[in-house]
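Following: one structure in structure tokens, then a few remarks.
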Amino acid sequence: MQDSDIARGDLLFLWHPGTEFNFSGYGLAAEEGRKDLIVGLLMIDRPFPASEVWLVSVGQEFGEVALYAMTVSHERGMACQMRIDTESLAYVRKLDLPMTQPMRRALEPLLAEPPKPRFVMHWDPALDLWASQFDRGDQTKSERAPRGPLFRTGEIVATPGALAALLASGQSPFEFLERHTRGIWGDLVDEDKHANEHALQYGGRLFSAYNLQDGTRIWVITEWNRSVTTVLLPSEY
């Protein structure tokens, strides 16, 4: 399917490669000739139910969250705008399903009045699922609300090496802990940032990396069960 074949309002699916009809969400093409911008429902209860903490963070970020049952087992979807990562566009497809036309008609109000939550979506072959992260790319500075803490830190500990490095640079560990808990992950590649956003939604370890004023690198790691958050040097891992 070429982008030139896409009409505004076409129903597109976040398809799972290697399957026939498995998908993680669906929506309507927001613009003619583009399948990288869709408005619809993103499945949030698969492979695990969405974390309530993550749902609160979506509300803090965008102000509104609307959830709808997407399956007979009541797995929920979130009404949202989805921007598809370029490398994953091959997996955004039309599917020939019996309910295609009723699904498309049900989504038409979202096309006329797009929901506020916005996500960047990409297919993660390592995890075998669609991963998401907040899309803040088109917000102006005045529109961005401060992002509150997104998770519990549990007990906070720091290694001797990290404490010595912080003391030498004249910086406090709490400035980095605050960034970490607000989802400002520091100097990470996109793959690690995507993994953090997935861990916020479904559970898992959270990892941030920062550079001190003197160039020393520190890590901040919160365990999967949110029992402990550790500030450490990479060499102490």
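Letters A, B, ... go to the chains of the structure tokens in the order shown; residues in each chain start at 1; ligands are counted from 1 in the same order.
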Under the rule of at most 9 Å, produce a per-residue listing of segment 92-198 of chain A near segment 81-85 of chain A: chain, number, name, the closest pair of atoms, and the distance in Å, as JSON lines, using only C-alpha atoms.
```
{"residue": "A:Val92", "atom": "CA", "partner": "A:Ile84", "partner_atom": "CA", "distance": 8.2}
{"residue": "A:Pro114", "atom": "CA", "partner": "A:Gln81", "partner_atom": "CA", "distance": 6.9}
{"residue": "A:Pro115", "atom": "CA", "partner": "A:Gln81", "partner_atom": "CA", "distance": 6.5}
{"residue": "A:Lys116", "atom": "CA", "partner": "A:Gln81", "partner_atom": "CA", "distance": 7.3}
{"residue": "A:Pro117", "atom": "CA", "partner": "A:Gln81", "partner_atom": "CA", "distance": 6.2}
{"residue": "A:Arg118", "atom": "CA", "partner": "A:Gln81", "partner_atom": "CA", "distance": 4.6}
{"residue": "A:Phe119", "atom": "CA", "partner": "A:Met82", "partner_atom": "CA", "distance": 5.0}
{"residue": "A:Val120", "atom": "CA", "partner": "A:Arg83", "partner_atom": "CA", "distance": 4.8}
{"residue": "A:Met121", "atom": "CA", "partner": "A:Ile84", "partner_atom": "CA", "distance": 4.9}
{"residue": "A:His122", "atom": "CA", "partner": "A:Asp85", "partner_atom": "CA", "distance": 5.2}
{"residue": "A:Trp123", "atom": "CA", "partner": "A:Asp85", "partner_atom": "CA", "distance": 8.3}
{"residue": "A:Ser132", "atom": "CA", "partner": "A:Met82", "partner_atom": "CA", "distance": 9.0}
{"residue": "A:Asp135", "atom": "CA", "partner": "A:Arg83", "partner_atom": "CA", "distance": 7.8}
```
Q | Within 12 Å of Ala195 of chain A using only C-alpha atoms, minus same-chain residues under 6 positions, as number ranges by chain | A | A: 122-124, 126-127, 129-133, 183, 185, 188-189, 201-208
Expected file contents, prior selection, C-alpha atoms, as a PDB file, in the first residue's frame:
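This is the output file result-v7.pdb:
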```pdb
ATOM      1  CA  HIS A 122       6.787   2.277  16.652  1.00  0.00           C
ATOM      2  CA  TRP A 123       6.948  -1.478  16.133  1.00  0.00           C
ATOM      3  CA  ASP A 124       9.519  -3.027  18.471  1.00  0.00           C
ATOM      4  CA  ALA A 126      12.588  -7.301  20.150  1.00  0.00           C
ATOM      5  CA  LEU A 127       9.447  -7.043  22.297  1.00  0.00           C
ATOM      6  CA  LEU A 129       4.699  -5.329  20.072  1.00  0.00           C
ATOM      7  CA  TRP A 130       3.818  -1.735  19.286  1.00  0.00           C
ATOM      8  CA  ALA A 131       5.450   0.651  21.755  1.00  0.00           C
ATOM      9  CA  SER A 132       4.396   4.209  22.480  1.00  0.00           C
ATOM     10  CA  GLN A 133       5.740   7.399  23.958  1.00  0.00           C
ATOM     11  CA  GLY A 183      10.160  10.956  32.695  1.00  0.00           C
ATOM     12  CA  TRP A 185      15.330  10.250  30.864  1.00  0.00           C
ATOM     13  CA  LEU A 188      19.508   7.830  26.159  1.00  0.00           C
ATOM     14  CA  VAL A 189      19.052   6.427  22.693  1.00  0.00           C
ATOM     15  CA  GLN A 201       2.595   1.571  30.948  1.00  0.00           C
ATOM     16  CA  TYR A 202       3.036  -2.136  31.610  1.00  0.00           C
ATOM     17  CA  GLY A 203       5.629  -2.414  34.378  1.00  0.00           C
ATOM     18  CA  GLY A 204       9.377  -2.932  34.171  1.00  0.00           C
ATOM     19  CA  ARG A 205      12.691  -1.395  35.137  1.00  0.00           C
ATOM     20  CA  LEU A 206      13.161   2.342  34.532  1.00  0.00           C
ATOM     21  CA  PHE A 207      16.560   3.677  33.515  1.00  0.00           C
ATOM     22  CA  SER A 208      17.979   7.205  33.093  1.00  0.00           C
TER      23      SER A 208
END
```
Long-range neighbours of Leu166 of chain A as a short mmCIF file (atom, residue, chain, number, x, y, z; two decimals) with N, CA and C atoms, in the first residue's frame, 10 Å cut-off, only C-alpha atoms, 4 positions minimum in chain:
```
data_model
loop_
_atom_site.label_atom_id
_atom_site.label_comp_id
_atom_site.auth_asym_id
_atom_site.auth_seq_id
_atom_site.Cartn_x
_atom_site.Cartn_y
_atom_site.Cartn_z
N PRO A 160 28.78 4.50 46.66
CA PRO A 160 29.88 5.39 47.08
C PRO A 160 30.47 6.18 45.92
N GLY A 161 30.64 5.53 44.78
CA GLY A 161 31.22 6.23 43.63
C GLY A 161 30.33 7.36 43.15
N ALA A 162 29.02 7.14 43.11
CA ALA A 162 28.09 8.18 42.67
C ALA A 162 28.07 9.34 43.65
N GLY A 170 29.66 19.26 42.87
CA GLY A 170 28.83 20.24 43.57
C GLY A 170 27.36 20.14 43.23
N GLN A 171 26.89 18.95 42.88
CA GLN A 171 25.50 18.77 42.50
C GLN A 171 24.81 17.80 43.46
N SER A 172 23.49 17.96 43.55
CA SER A 172 22.68 17.13 44.43
C SER A 172 22.08 15.97 43.65
N PRO A 173 21.98 14.80 44.27
CA PRO A 173 21.32 13.68 43.58
C PRO A 173 19.85 13.94 43.31
N LEU A 212 27.13 14.80 34.65
CA LEU A 212 27.37 15.86 35.62
C LEU A 212 28.11 17.01 34.95
N GLN A 213 28.24 18.12 35.66
CA GLN A 213 28.89 19.30 35.10
C GLN A 213 30.32 19.05 34.68
N ASP A 214 30.99 18.10 35.35
CA ASP A 214 32.38 17.81 34.99
C ASP A 214 32.49 16.68 33.96
N THR A 216 31.21 13.61 34.21
CA THR A 216 31.03 12.26 34.76
C THR A 216 29.60 11.79 34.50
N ILE A 218 26.34 9.47 35.29
CA ILE A 218 25.68 8.70 36.33
C ILE A 218 24.43 8.06 35.77
#
```
Q: Would you mind listing what lies within 9 Å of Arg104 of chain A as an NGL selection string, with only C-alpha atoms counted and same-chain residues fewer than 3 positions away left out?
A: :A and (9-11 or 27-28 or 99-101 or 107-108)
Q) Can you list, as a PyMOL selection string, every residue of segment 36-170 of chain A that DSSP puts in strand (DSSP E)? A) chain A and resi 37-43+67-69+76-84+92-93+118-124+129-134+155-158
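For Thr159 of chain A, the non-local neighbours within 12 Å, defined as residues at least 6 positions apart in the same chain or in other chains and counting only C-alpha atoms, are A:Ala165, A:Leu166, A:Pro173, A:Ile218, A:Trp219, A:Val220, A:Ile221, A:Thr229, A:Thr230, A:Val231, A:Leu232, A:Leu233, A:Pro234, A:Ser235, A:Glu236, A:Tyr237.
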Q.
Which of segment 18-231 of chain A end up as alpha helix (DSSP H) when DSSP is run on this backbone - answer as JSON, numbers by chain?
A. {"A": [52, 53, 54, 55, 56, 57, 58, 59, 60, 61, 62, 100, 101, 102, 103, 104, 105, 106, 107, 108, 109, 110, 111, 112, 160, 161, 162, 163, 164, 165, 166, 167, 168, 169, 173, 174, 175, 176, 177, 178, 179, 180, 181, 190, 191, 192, 193, 194, 195, 196, 197, 198, 199, 200, 201, 202]}
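As for atom CA of Leu67 of chain A and atom CA of Ala79 of chain A, they are spaced 6.4 Å apart.
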I want to know what sits within 7 Å of Leu42 of chain A, based on only C-alpha atoms, with residues of the same chain fewer than 5 positions away left out; could you give that as an mmCIF file with C-alpha atoms, in the first residue's frame?
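Dumped everything to out_9.cif:
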```cif
data_model
loop_
_atom_site.group_PDB
_atom_site.id
_atom_site.type_symbol
_atom_site.label_atom_id
_atom_site.label_comp_id
_atom_site.auth_asym_id
_atom_site.auth_seq_id
_atom_site.Cartn_x
_atom_site.Cartn_y
_atom_site.Cartn_z
ATOM 1 C CA SER A 24 -2.701 -3.108 18.610
ATOM 2 C CA GLY A 25 -4.910 -0.243 17.539
ATOM 3 C CA TYR A 26 -6.672 1.352 14.632
ATOM 4 C CA GLY A 77 -8.463 1.291 24.100
ATOM 5 C CA MET A 78 -7.618 4.966 24.503
ATOM 6 C CA ALA A 79 -8.909 7.577 22.083
ATOM 7 C CA CYS A 80 -5.820 9.380 20.830
#
```
Q: Report the distance between atom CA of Asn196 of chain A and atom CA of Leu150 of chain A in Å, rounded to one decimal place.
A: 11.3 Å
Q: Go ahead and compute the interatomic distance for atom CA of Lys35 of chain A and atom CA of Ala199 of chain A, in Å to one decimal.
A: 26.8 Å
(Q) Please list as a VMD selection string every residue within 10 Å of segment 68-76 of chain A, counting only C-alpha atoms and excluding residues in the same chain fewer than 5 positions away. (A) chain A and resid 25 41 to 50
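Shortest atom-to-atom contact with Glu32 of chain A among A:Lys193, A:Thr181, A:Arg8, A:Leu95: A:Arg8, counting only C-alpha atoms.
Comparing the minimum interatomic distances between Leu97 of chain A and each of A:Ile184, A:Leu167, A:Leu12, A:Leu200, counting only C-alpha atoms, we find that A:Leu12 sits nearest.
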